[in-house]
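What follows is the content of final-v8.json, which has JSON, C-alpha atoms:
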[["chain", "number", "residue", "atom", "x", "y", "z"],
["A", 121, "MET", "CA", 56.12, 2.48, -2.77],
["A", 122, "ALA", "CA", 53.29, 0.31, -1.61],
["A", 123, "ALA", "CA", 53.43, -3.42, -1.99],
["A", 124, "LYS", "CA", 51.43, -4.58, -4.97],
["A", 125, "HIS", "CA", 48.69, -6.79, -3.72],
["A", 126, "LYS", "CA", 45.01, -6.46, -3.01],
["A", 127, "HIS", "CA", 42.80, -6.39, 0.03],
["A", 128, "GLY", "CA", 40.81, -9.09, -1.72],
["A", 129, "ASP", "CA", 39.34, -10.80, 1.26],
["A", 130, "PRO", "CA", 36.55, -9.42, 3.39],
["A", 131, "LEU", "CA", 37.27, -8.60, 7.00],
["A", 132, "PRO", "CA", 36.42, -11.22, 9.59],
["A", 133, "GLU", "CA", 32.74, -11.22, 10.52],
["A", 134, "THR", "CA", 33.50, -10.30, 14.13],
["A", 135, "VAL", "CA", 35.52, -7.26, 13.12],
["A", 136, "LEU", "CA", 32.73, -6.13, 10.78],
["A", 137, "ARG", "CA", 30.17, -6.39, 13.59],
["A", 138, "VAL", "CA", 32.33, -4.36, 15.95],
["A", 139, "LYS", "CA", 33.09, -1.72, 13.35],
["A", 140, "SER", "CA", 29.39, -1.43, 12.51],
["A", 141, "LEU", "CA", 28.43, -0.92, 16.14],
["A", 142, "GLU", "CA", 31.26, 1.52, 16.68],
["A", 143, "SER", "CA", 30.62, 3.67, 13.62],
["A", 144, "LEU", "CA", 26.85, 3.86, 14.22],
["A", 145, "LEU", "CA", 27.17, 4.65, 17.93],
["A", 146, "ILE", "CA", 29.70, 7.39, 17.15],
["A", 147, "GLU", "CA", 27.51, 8.90, 14.41],
["A", 148, "LYS", "CA", 24.54, 8.96, 16.72],
["A", 149, "GLY", "CA", 26.60, 10.67, 19.38],
["A", 150, "LEU", "CA", 26.07, 7.83, 21.86],
["A", 151, "VAL", "CA", 29.80, 7.36, 22.35],
["A", 152, "GLU", "CA", 32.74, 9.59, 21.47],
["A", 153, "ALA", "CA", 35.54, 8.25, 19.31],
["A", 154, "GLU", "CA", 38.14, 10.00, 21.46],
["A", 155, "ALA", "CA", 36.77, 8.52, 24.67],
["A", 156, "LEU", "CA", 36.82, 5.01, 23.20],
["A", 157, "ASP", "CA", 40.38, 5.49, 22.00],
["A", 158, "ALA", "CA", 41.49, 6.82, 25.36],
["A", 159, "LEU", "CA", 40.10, 3.77, 27.10],
["A", 160, "ILE", "CA", 41.64, 1.35, 24.60],
["A", 161, "ASP", "CA", 44.90, 3.29, 24.69],
["A", 162, "ARG", "CA", 45.47, 2.23, 28.29],
["A", 163, "TYR", "CA", 46.08, -1.35, 27.19],
["A", 164, "GLU", "CA", 48.17, -0.83, 24.12],
["A", 165, "ASN", "CA", 51.53, -0.80, 25.87],
["A", 166, "LYS", "CA", 50.72, -3.50, 28.34],
["A", 167, "VAL", "CA", 51.23, -6.81, 26.62],
["A", 168, "GLY", "CA", 52.50, -6.42, 23.15],
["A", 169, "PRO", "CA", 55.54, -4.36, 22.31],
["A", 170, "ARG", "CA", 57.84, -6.13, 24.79],
["A", 171, "ASN", "CA", 57.33, -9.34, 22.82],
["A", 172, "GLY", "CA", 58.46, -7.70, 19.61],
["A", 173, "ALA", "CA", 61.42, -6.08, 21.36],
["A", 174, "LYS", "CA", 62.69, -9.49, 22.48],
["A", 175, "VAL", "CA", 62.48, -10.74, 18.89],
["A", 176, "VAL", "CA", 64.39, -7.73, 17.52],
["A", 177, "ALA", "CA", 67.10, -7.92, 20.20],
["A", 178, "ARG", "CA", 67.62, -11.61, 19.45],
["A", 179, "ALA", "CA", 67.97, -10.82, 15.75],
["A", 180, "TRP", "CA", 70.61, -8.18, 16.56],
["A", 181, "VAL", "CA", 72.82, -10.57, 18.54],
["A", 182, "ASP", "CA", 72.15, -13.89, 16.82],
["A", 183, "ALA", "CA", 72.86, -13.99, 13.07],
["A", 184, "ALA", "CA", 71.27, -17.39, 12.64],
["A", 185, "TYR", "CA", 68.09, -16.20, 14.33],
["A", 186, "ARG", "CA", 68.07, -13.10, 12.14],
["A", 187, "GLU", "CA", 68.22, -15.34, 9.06],
["A", 188, "ARG", "CA", 65.30, -17.42, 10.30],
["A", 189, "LEU", "CA", 63.32, -14.32, 11.14],
["A", 190, "LEU", "CA", 63.78, -12.79, 7.69],
["A", 191, "LYS", "CA", 63.01, -16.09, 6.00],
["A", 192, "ASP", "CA", 59.92, -17.06, 8.01],
["A", 193, "ALA", "CA", 58.97, -14.63, 10.75],
["A", 194, "THR", "CA", 55.86, -16.55, 11.76],
["A", 195, "SER", "CA", 57.98, -19.56, 12.76],
["A", 196, "ALA", "CA", 60.79, -17.45, 14.20],
["A", 197, "VAL", "CA", 58.54, -15.58, 16.64],
["A", 198, "ALA", "CA", 56.83, -18.87, 17.51],
["A", 199, "GLU", "CA", 60.20, -19.92, 18.98],
["A", 200, "PHE", "CA", 59.39, -17.40, 21.72],
["A", 201, "GLY", "CA", 55.88, -18.77, 22.03],
["A", 202, "PHE", "CA", 54.31, -15.79, 20.24],
["A", 203, "THR", "CA", 51.66, -17.13, 17.91],
["A", 204, "GLY", "CA", 48.83, -15.45, 16.04],
["A", 205, "ALA", "CA", 45.24, -15.92, 17.02],
["A", 206, "GLN", "CA", 44.06, -16.28, 13.44],
["A", 207, "GLY", "CA", 47.06, -17.82, 11.76],
["A", 208, "GLU", "CA", 48.02, -14.77, 9.72],
["A", 209, "GLU", "CA", 51.47, -14.65, 8.21],
["A", 210, "LEU", "CA", 54.10, -12.43, 9.80],
["A", 211, "VAL", "CA", 56.80, -10.91, 7.61],
["A", 212, "ALA", "CA", 59.90, -9.25, 9.06],
["A", 213, "VAL", "CA", 61.44, -6.39, 7.08],
["A", 214, "GLU", "CA", 64.87, -5.12, 8.02],
["A", 215, "ASN", "CA", 66.08, -1.53, 8.05],
["A", 216, "THR", "CA", 69.55, -0.99, 6.62],
["A", 217, "ASP", "CA", 71.70, 2.01, 5.72],
["A", 218, "ASN", "CA", 69.95, 2.07, 2.36],
["A", 219, "ILE", "CA", 66.38, 1.09, 3.20],
["A", 220, "HIS", "CA", 63.91, 2.26, 5.81],
["A", 221, "ASN", "CA", 60.68, 0.30, 6.19],
["A", 222, "VAL", "CA", 57.43, 1.61, 7.58],
["A", 223, "VAL", "CA", 54.17, -0.25, 8.07],
["A", 224, "VAL", "CA", 50.60, 0.94, 7.65],
["A", 225, "CYS", "CA", 47.25, -0.72, 7.48],
["A", 226, "THR", "CA", 44.16, 0.54, 5.80],
["A", 227, "LEU", "CA", 42.22, -0.90, 8.72],
["A", 228, "CYS", "CA", 42.88, -1.10, 12.43],
["A", 229, "SER", "CA", 42.64, -4.86, 12.64],
["A", 230, "CYS", "CA", 45.70, -5.48, 10.50],
["A", 231, "TYR", "CA", 48.46, -5.28, 13.06],
["A", 232, "PRO", "CA", 50.83, -7.93, 14.39],
["A", 233, "TRP", "CA", 49.21, -8.25, 17.83],
["A", 234, "PRO", "CA", 51.19, -11.26, 19.01],
["A", 235, "VAL", "CA", 54.39, -9.23, 18.87],
["A", 236, "LEU", "CA", 53.16, -5.64, 19.21],
["A", 237, "GLY", "CA", 49.93, -5.79, 21.22],
["A", 238, "LEU", "CA", 47.08, -3.42, 20.43],
["A", 239, "PRO", "CA", 47.69, -0.80, 17.77],
["A", 240, "PRO", "CA", 48.26, 2.79, 18.91],
["A", 241, "VAL", "CA", 45.51, 5.29, 18.21],
["A", 242, "TRP", "CA", 47.50, 7.17, 15.56],
["A", 243, "TYR", "CA", 48.10, 3.94, 13.63],
["A", 244, "LYS", "CA", 44.35, 3.58, 13.21],
["A", 245, "SER", "CA", 43.77, 7.20, 12.26],
["A", 246, "ALA", "CA", 42.67, 8.05, 8.73],
["A", 247, "PRO", "CA", 45.35, 10.73, 8.26],
["A", 248, "TYR", "CA", 48.19, 8.32, 9.04],
["A", 249, "ARG", "CA", 46.71, 5.59, 6.88],
["A", 250, "ALA", "CA", 46.29, 7.90, 3.94],
["A", 251, "ARG", "CA", 49.39, 10.06, 4.24],
["A", 252, "VAL", "CA", 52.11, 7.55, 5.04],
["A", 253, "VAL", "CA", 51.56, 5.98, 1.64],
["A", 254, "ARG", "CA", 51.55, 9.31, -0.18],
["A", 255, "GLU", "CA", 54.23, 11.23, 1.66],
["A", 256, "PRO", "CA", 56.09, 8.84, 3.97],
["A", 257, "ARG", "CA", 59.11, 11.07, 4.55],
["A", 258, "LYS", "CA", 56.96, 13.93, 5.72],
["A", 259, "VAL", "CA", 54.98, 11.71, 8.08],
["A", 260, "LEU", "CA", 58.20, 10.24, 9.49],
["A", 261, "GLU", "CA", 59.55, 13.74, 10.07],
["A", 262, "GLU", "CA", 56.48, 14.46, 12.16],
["A", 263, "PHE", "CA", 57.50, 11.49, 14.32],
["A", 264, "GLY", "CA", 60.93, 13.10, 14.63],
["A", 265, "THR", "CA", 62.54, 10.66, 12.21],
["A", 266, "GLN", "CA", 64.80, 12.37, 9.68],
["A", 267, "LEU", "CA", 66.06, 10.09, 6.94],
["A", 268, "PRO", "CA", 68.85, 10.90, 4.50],
["A", 269, "GLN", "CA", 67.64, 11.23, 0.89],
["A", 270, "SER", "CA", 69.93, 8.35, 0.01],
["A", 271, "GLN", "CA", 67.83, 6.01, 2.14],
["A", 272, "GLU", "CA", 64.90, 4.49, 0.26],
["A", 273, "VAL", "CA", 61.58, 4.40, 2.13],
["A", 274, "ARG", "CA", 59.44, 1.31, 1.68],
["A", 275, "VAL", "CA", 55.83, 1.38, 2.85],
["A", 276, "TRP", "CA", 54.26, -1.98, 3.61],
["A", 277, "ASP", "CA", 50.49, -2.21, 3.62],
["A", 278, "SER", "CA", 49.23, -4.88, 5.99],
["A", 279, "THR", "CA", 46.34, -7.12, 5.09],
["A", 280, "ALA", "CA", 44.17, -9.55, 6.97],
["A", 281, "GLU", "CA", 46.58, -12.31, 5.92],
["A", 282, "THR", "CA", 49.95, -10.59, 6.13],
["A", 283, "ARG", "CA", 51.34, -8.47, 8.96],
["A", 284, "TYR", "CA", 54.72, -6.81, 9.05],
["A", 285, "LEU", "CA", 57.33, -6.36, 11.75],
["A", 286, "VAL", "CA", 60.10, -3.84, 11.15],
["A", 287, "ILE", "CA", 63.54, -4.78, 12.44],
["A", 288, "PRO", "CA", 65.06, -1.39, 13.22],
["A", 289, "LYS", "CA", 68.79, -0.77, 12.83],
["A", 290, "ARG", "CA", 70.85, -1.63, 15.89],
["A", 291, "PRO", "CA", 71.89, 1.70, 17.39],
["A", 292, "GLU", "CA", 75.50, 2.85, 17.45],
["A", 293, "GLY", "CA", 77.47, 2.28, 20.61],
["A", 294, "THR", "CA", 75.64, -0.84, 21.73],
["A", 295, "GLU", "CA", 78.43, -3.37, 21.14],
["A", 296, "GLY", "CA", 78.78, -4.14, 24.84],
["A", 297, "LEU", "CA", 75.09, -4.60, 25.60],
["A", 298, "ASP", "CA", 73.49, -7.97, 26.15],
["A", 299, "GLU", "CA", 70.20, -9.10, 24.65],
["A", 300, "GLY", "CA", 68.10, -7.94, 27.59],
["A", 301, "ALA", "CA", 69.62, -4.46, 27.58],
["A", 302, "LEU", "CA", 69.21, -4.22, 23.82],
["A", 303, "ALA", "CA", 65.52, -5.11, 24.06],
["A", 304, "GLU", "CA", 65.04, -2.03, 26.23],
["A", 305, "LEU", "CA", 66.11, 0.12, 23.28],
["A", 306, "VAL", "CA", 63.48, -1.32, 20.95],
["A", 307, "ASN", "CA", 60.49, 0.99, 21.25],
["A", 308, "ARG", "CA", 57.13, 0.09, 19.78],
["A", 309, "ASP", "CA", 57.20, 2.73, 17.06],
["A", 310, "SER", "CA", 60.57, 1.48, 15.81],
["A", 311, "MET", "CA", 58.92, -1.85, 15.02],
["A", 312, "ILE", "CA", 56.22, -0.05, 13.00],
["A", 313, "GLY", "CA", 58.94, 2.00, 11.37],
["A", 314, "THR", "CA", 57.87, 5.51, 12.35],
["A", 315, "ARG", "CA", 60.85, 5.91, 14.66],
["A", 316, "GLU", "CA", 64.28, 4.39, 15.07],
["A", 317, "ALA", "CA", 65.43, 2.32, 18.02],
["A", 318, "ASP", "CA", 66.50, 4.36, 21.04],
["A", 319, "SER", "CA", 70.19, 5.02, 21.54],
["A", 320, "PRO", "CA", 71.70, 3.96, 24.87],
["A", 321, "ALA", "CA", 72.35, 7.62, 25.74],
["A", 322, "THR", "CA", 68.65, 8.48, 25.28],
["A", 323, "VAL", "CA", 67.51, 5.70, 27.54],
["A", 324, "GLU", "CA", 70.02, 6.53, 30.28],
["A", 325, "GLY", "CA", 69.12, 10.18, 30.01],
["A", 326, "VAL", "CA", 65.46, 9.57, 30.81],
["B", 65, "MET", "CA", 43.33, 0.25, 35.76],
["B", 66, "ALA", "CA", 40.76, 0.45, 38.52],
["B", 67, "LEU", "CA", 37.52, -1.01, 37.28],
["B", 68, "ASP", "CA", 34.14, 0.09, 38.41],
["B", 69, "PRO", "CA", 33.34, -2.25, 41.35],
["B", 70, "VAL", "CA", 30.14, -3.37, 39.66],
["B", 71, "LEU", "CA", 31.97, -4.11, 36.42],
["B", 72, "GLN", "CA", 34.54, -6.04, 38.44],
["B", 73, "SER", "CA", 31.78, -8.32, 39.66],
["B", 74, "ILE", "CA", 31.08, -9.25, 36.02],
["B", 75, "ASN", "CA", 34.32, -11.22, 36.23],
["B", 76, "ILE", "CA", 35.93, -9.95, 33.06],
["B", 77, "PRO", "CA", 39.19, -11.73, 32.11],
["B", 78, "GLN", "CA", 41.91, -9.69, 33.76],
["B", 79, "ASP", "CA", 45.24, -9.75, 35.48],
["B", 80, "GLU", "CA", 46.55, -7.53, 38.28],
["B", 81, "GLU", "CA", 46.74, -4.56, 35.92],
["B", 82, "GLY", "CA", 43.26, -4.75, 34.46],
["B", 83, "PRO", "CA", 41.30, -6.39, 31.66],
["B", 84, "VAL", "CA", 43.11, -8.68, 29.26],
["B", 85, "PHE", "CA", 42.32, -8.68, 25.55],
["B", 86, "ASP", "CA", 43.60, -11.02, 22.87],
["B", 87, "GLU", "CA", 42.56, -8.88, 19.94],
["B", 88, "PRO", "CA", 41.69, -5.23, 19.31],
["B", 89, "TRP", "CA", 38.02, -5.89, 18.60],
["B", 90, "GLN", "CA", 37.59, -7.25, 22.12],
["B", 91, "ALA", "CA", 38.93, -4.03, 23.61],
["B", 92, "GLN", "CA", 36.67, -2.03, 21.28],
["B", 93, "ALA", "CA", 33.57, -3.98, 22.30],
["B", 94, "PHE", "CA", 34.54, -3.60, 25.95],
["B", 95, "ALA", "CA", 35.17, 0.14, 25.60],
["B", 96, "MET", "CA", 31.84, 0.78, 23.84],
["B", 97, "THR", "CA", 30.00, -1.01, 26.62],
["B", 98, "VAL", "CA", 31.77, 0.94, 29.35],
["B", 99, "LYS", "CA", 31.09, 4.25, 27.59],
["B", 100, "LEU", "CA", 27.40, 3.48, 26.95],
["B", 101, "ASN", "CA", 27.02, 2.64, 30.63],
["B", 102, "GLU", "CA", 28.80, 5.84, 31.64],
["B", 103, "GLY", "CA", 26.47, 7.70, 29.32],
["B", 104, "GLY", "CA", 23.49, 6.29, 31.19],
["B", 105, "GLN", "CA", 22.19, 4.14, 28.32],
["B", 106, "PHE", "CA", 21.94, 1.07, 30.55],
["B", 107, "SER", "CA", 22.89, 0.00, 34.06],
["B", 108, "TRP", "CA", 25.41, -2.70, 34.89],
["B", 109, "SER", "CA", 22.66, -4.90, 36.25],
["B", 110, "GLU", "CA", 20.81, -4.61, 32.94],
["B", 111, "TRP", "CA", 24.04, -5.44, 31.14],
["B", 112, "ALA", "CA", 24.75, -8.39, 33.44],
["B", 113, "GLU", "CA", 21.34, -9.83, 32.64],
["B", 114, "VAL", "CA", 21.77, -9.69, 28.87],
["B", 115, "PHE", "CA", 25.40, -10.74, 28.96],
["B", 116, "GLY", "CA", 24.73, -13.49, 31.49],
["B", 117, "ALA", "CA", 22.07, -14.94, 29.21],
["B", 118, "GLU", "CA", 24.58, -15.06, 26.33],
["B", 119, "ILE", "CA", 27.17, -16.81, 28.48],
["B", 120, "ALA", "CA", 24.58, -19.27, 29.75],
["B", 121, "ALA", "CA", 23.39, -20.06, 26.23],
["B", 122, "ASP", "CA", 26.97, -20.49, 25.10],
["B", 123, "THR", "CA", 27.77, -22.83, 27.97],
["B", 124, "VAL", "CA", 24.72, -24.95, 27.17],
["B", 125, "SER", "CA", 25.73, -25.21, 23.53],
["B", 126, "GLY", "CA", 29.08, -26.59, 24.63],
["B", 127, "GLN", "CA", 31.33, -23.67, 23.71],
["B", 128, "GLY", "CA", 34.33, -23.03, 25.91],
["B", 129, "VAL", "CA", 34.37, -19.79, 27.82],
["B", 130, "GLY", "CA", 37.90, -18.77, 26.92],
["B", 131, "ASN", "CA", 38.77, -15.18, 26.13],
["B", 132, "ALA", "CA", 37.59, -15.34, 22.53],
["B", 133, "ALA", "CA", 34.30, -17.07, 23.35],
["B", 134, "TYR", "CA", 33.82, -14.70, 26.26],
["B", 135, "TYR", "CA", 34.05, -11.66, 24.03],
["B", 136, "GLN", "CA", 31.93, -13.26, 21.32],
["B", 137, "CYS", "CA", 29.23, -13.43, 24.00],
["B", 138, "TRP", "CA", 30.05, -9.87, 24.98],
["B", 139, "LEU", "CA", 29.60, -8.70, 21.40],
["B", 140, "SER", "CA", 26.30, -10.54, 20.96],
["B", 141, "ALA", "CA", 25.06, -9.05, 24.23],
["B", 142, "LEU", "CA", 26.06, -5.58, 23.10],
["B", 143, "GLU", "CA", 24.13, -6.00, 19.84],
["B", 144, "LYS", "CA", 21.10, -7.13, 21.82],
["B", 145, "ILE", "CA", 21.18, -4.40, 24.43],
["B", 146, "VAL", "CA", 21.50, -1.57, 21.90],
["B", 147, "ASP", "CA", 18.36, -2.99, 20.26],
["B", 148, "GLN", "CA", 16.51, -3.39, 23.57],
["B", 149, "LYS", "CA", 17.35, 0.17, 24.52],
["B", 150, "ALA", "CA", 16.30, 1.40, 21.07],
["B", 151, "LEU", "CA", 19.73, 2.86, 20.41],
["B", 152, "LEU", "CA", 20.26, 0.95, 17.16],
["B", 153, "THR", "CA", 18.11, -1.51, 15.27],
["B", 154, "PRO", "CA", 19.34, -4.88, 13.98],
["B", 155, "GLU", "CA", 18.50, -3.59, 10.47],
["B", 156, "GLN", "CA", 20.80, -0.60, 10.90],
["B", 157, "LEU", "CA", 23.57, -2.88, 12.09],
["B", 158, "SER", "CA", 23.18, -5.34, 9.31],
["B", 159, "ALA", "CA", 23.02, -2.62, 6.65],
["B", 160, "ARG", "CA", 26.14, -1.01, 8.07],
["B", 161, "LYS", "CA", 27.93, -4.34, 8.20],
["B", 162, "ALA", "CA", 27.22, -4.89, 4.51],
["B", 163, "GLU", "CA", 28.67, -1.45, 3.78],
["B", 164, "TRP", "CA", 31.85, -2.21, 5.71],
["B", 165, "ARG", "CA", 32.20, -5.54, 3.97],
["B", 166, "GLU", "CA", 31.72, -3.90, 0.60],
["B", 167, "ALA", "CA", 34.21, -1.19, 1.47],
["B", 168, "SER", "CA", 36.82, -3.66, 2.69],
["B", 169, "GLU", "CA", 36.53, -5.73, -0.46],
["B", 170, "HIS", "CA", 36.65, -2.89, -2.91],
["B", 171, "THR", "CA", 38.95, -0.31, -1.45],
["B", 172, "PRO", "CA", 42.04, -0.01, -3.65],
["B", 173, "HIS", "CA", 45.13, -1.05, -1.82],
["B", 174, "GLY", "CA", 46.87, 1.77, -0.05],
["B", 175, "GLN", "CA", 43.64, 3.72, 0.47],
["B", 176, "PRO", "CA", 42.06, 3.95, 3.90],
["B", 177, "ILE", "CA", 38.84, 1.98, 4.10],
["B", 178, "GLU", "CA", 36.02, 4.45, 4.58],
["B", 179, "ILE", "CA", 32.30, 4.23, 4.03],
["B", 180, "ARG", "CA", 29.79, 6.89, 3.17],
["B", 181, "LYS", "CA", 28.53, 8.72, 6.23],
["B", 182, "SER", "CA", 25.08, 9.36, 4.80],
["B", 183, "SER", "CA", 22.96, 6.62, 6.34],
["B", 184, "LYS", "CA", 22.29, 7.88, 9.86]]

Final structure tokens representation of the file:
Amino acid sequence: MAAKHKHGDPLPETVLRVKSLESLLIEKGLVEAEALDALIDRYENKVGPRNGAKVVARAWVDAAYRERLLKDATSAVAEFGFTGAQGEELVAVENTDNIHNVVVCTLCSCYPWPVLGLPPVWYKSAPYRARVVREPRKVLEEFGTQLPQSQEVRVWDSTAETRYLVIPKRPEGTEGLDEGALAELVNRDSMIGTREADSPATVEGV
Amino acid sequence: MALDPVLQSINIPQDEEGPVFDEPWQAQAFAMTVKLNEGGQFSWSEWAEVFGAEIAADTVSGQGVGNAAYYQCWLSALEKIVDQKALLTPEQLSARKAEWREASEHTPHGQPIEIRKSSK
């Protein structure tokens, strides 16, 4: 189920210029798409996902914060000092026993950078963008995420104006953990919705 | 990430771990430039000349040289150098940009934005 709204607005001029250069240079064989991705990939885990993890951990331990986050995520993440470069709206969607949320964008620029950093290469790939809308359960299985049939899957399609942050379910057996320890369990993919948060046992086992 | 020593002298915004980007397009513009240099399309001194001129022009016109302005200059320099080196023409770029804009405006929601790959 994709959200019903349109990509009405054109992409920012800067993004169009970069995409034009990139697509032409790749077609002419002057640069390789894989080599560009590999270079960009080095930065994707550096800044971003830890910001989002702090937000999710706070929502797990602080009910009032969780309420604020679900009501107005843009303001709630700004409490941490995370603000968007272009003023786009951030929407937090929460996973429950009945609902699993997953986020896609039809274009690489639509990603909540202030909380998640640069998008991973697979997020930008055409197969993910096309398939997660059509067959989300199958795509999630490929990420190792098995969902019970009773759990509804909601696919959120990001736009230039609206970005989504998934609040994964708090793992079992984490009652004694503090906010900092909980944040360690929040992996990047769990905030896109392709995986779940790590369990304490998994993290210790690594 | 260890930068090429010559690239390091270009004074790209970075911290102890390497270049810092605010937005994906900046990393993309950076990566294209690095790969074109590696591919022998231009030298770093040629790049520094074109890029330096953009920064200088920007400084004169009173723009700040923060990260965003810095990469705006970077992008303009990249467009210029691919033209100078006869890799791409401004006409090709502007035609392609119109196609991307068209595609982004008219792609039904939920479909990946793609453009025809015919105009090489």

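Among the candidate residues A:Val213, A:Ala153, A:Ala246, A:Leu285, the one lying nearest to chain B is A:Ala246, with distances computed using all atoms listed in the file.
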
Show me a table, sorted first by chain and then by increasing residue number, of the residues of region 189-247 of chain A having an atom at most 6 Å from region 305-318 of chain A, each with its shortest atom pair and the distance in Å to one decimal, counting all atoms listed in the file and written as a tab-separated table.
residue	atom	partner	partner_atom	distance
A:Asn221	CA	A:Gly313	CA	5.7
A:Val222	CA	A:Gly313	CA	4.1
A:Val223	CA	A:Ile312	CA	5.3

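Nearest to chain A of all the residues B:Ala117, B:Cys137, B:Leu157, B:Ile145 is B:Leu157, counting all atoms listed in the file.
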
> How many Å lie between CA of Ala198 (chain A) and CA of Ala91 (chain B), rounded to one decimal?
Replying inline: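 We find that CA of Ala198 (chain A) and CA of Ala91 (chain B) lie 24.0 Å from each other.
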
> Which distance in Å separates CA of Arg254 (chain A) and CA of Ser270 (chain A), to one decimal?
Replying inline: 18.4 Å

>> Just to confirm, what's the straight-line distance from CA of Trp180 (chain A) to CA of Asp192 (chain A) in Å (one decimal)?
In response: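 Separation between CA of Trp180 (chain A) and CA of Asp192 (chain A): 16.3 Å.
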
>> Between B:Ser168, B:Ser107, B:Gln148, B:Thr97, which residue has the minimum interatomic distance to chain A, considering all atoms listed in the file?
In response: B:Ser168

>> At a cut-off of 8 Å, using all atoms listed in the file, what residues contact Ala179 (chain A)? Leave out same-chain residues fewer than 6 positions from it and give the result as a ChimeraX atom specification.
In response: /A:185-186,189

>> Distance cut-off 10 Å, centre (26.2, -10.1, 29.6) in file coordinates, counting all atoms listed in the file: which residues qualify? Return them as a ChimeraX atom specification.
In response: /B:74,108-120,134-135,137-142,144-145

>> Which residue is closest to Trp89 (chain B)? Choose from B:Arg165, B:Gly103, B:Glu143, B:Gln136 and count all atoms listed in the file.
In response: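 Of B:Arg165, B:Gly103, B:Glu143, B:Gln136, the one nearest Trp89 (chain B) is B:Gln136, counting all atoms listed in the file.
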
>> I'd like to know which of A:Pro232, A:Gly300, A:Gly172, A:Pro320 is closest to chain B, using all atoms listed in the file.
In response: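 Selected residue with least distance to chain B: A:Pro232.
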
> Restricting the calculation to only C-alpha atoms, which member of A:Leu190, A:Val175, A:Val235, A:Ala184 is positioned closest to chain B?
Replying inline: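 Closest candidate: A:Val235.
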
Glu199 (chain A) surroundings by all atoms listed in the file, 12 Å radius, close-in-sequence under 2 positions cut, as a JSON list (two decimals) with C-alpha atoms, keeping the file's coordinate frame:
[["chain", "number", "residue", "atom", "x", "y", "z"],
["A", 171, "ASN", "CA", 57.33, -9.34, 22.82],
["A", 174, "LYS", "CA", 62.69, -9.49, 22.48],
["A", 175, "VAL", "CA", 62.48, -10.74, 18.89],
["A", 178, "ARG", "CA", 67.62, -11.61, 19.45],
["A", 185, "TYR", "CA", 68.09, -16.20, 14.33],
["A", 188, "ARG", "CA", 65.30, -17.42, 10.30],
["A", 189, "LEU", "CA", 63.32, -14.32, 11.14],
["A", 192, "ASP", "CA", 59.92, -17.06, 8.01],
["A", 193, "ALA", "CA", 58.97, -14.63, 10.75],
["A", 194, "THR", "CA", 55.86, -16.55, 11.76],
["A", 195, "SER", "CA", 57.98, -19.56, 12.76],
["A", 196, "ALA", "CA", 60.79, -17.45, 14.20],
["A", 197, "VAL", "CA", 58.54, -15.58, 16.64],
["A", 201, "GLY", "CA", 55.88, -18.77, 22.03],
["A", 202, "PHE", "CA", 54.31, -15.79, 20.24],
["A", 203, "THR", "CA", 51.66, -17.13, 17.91]]
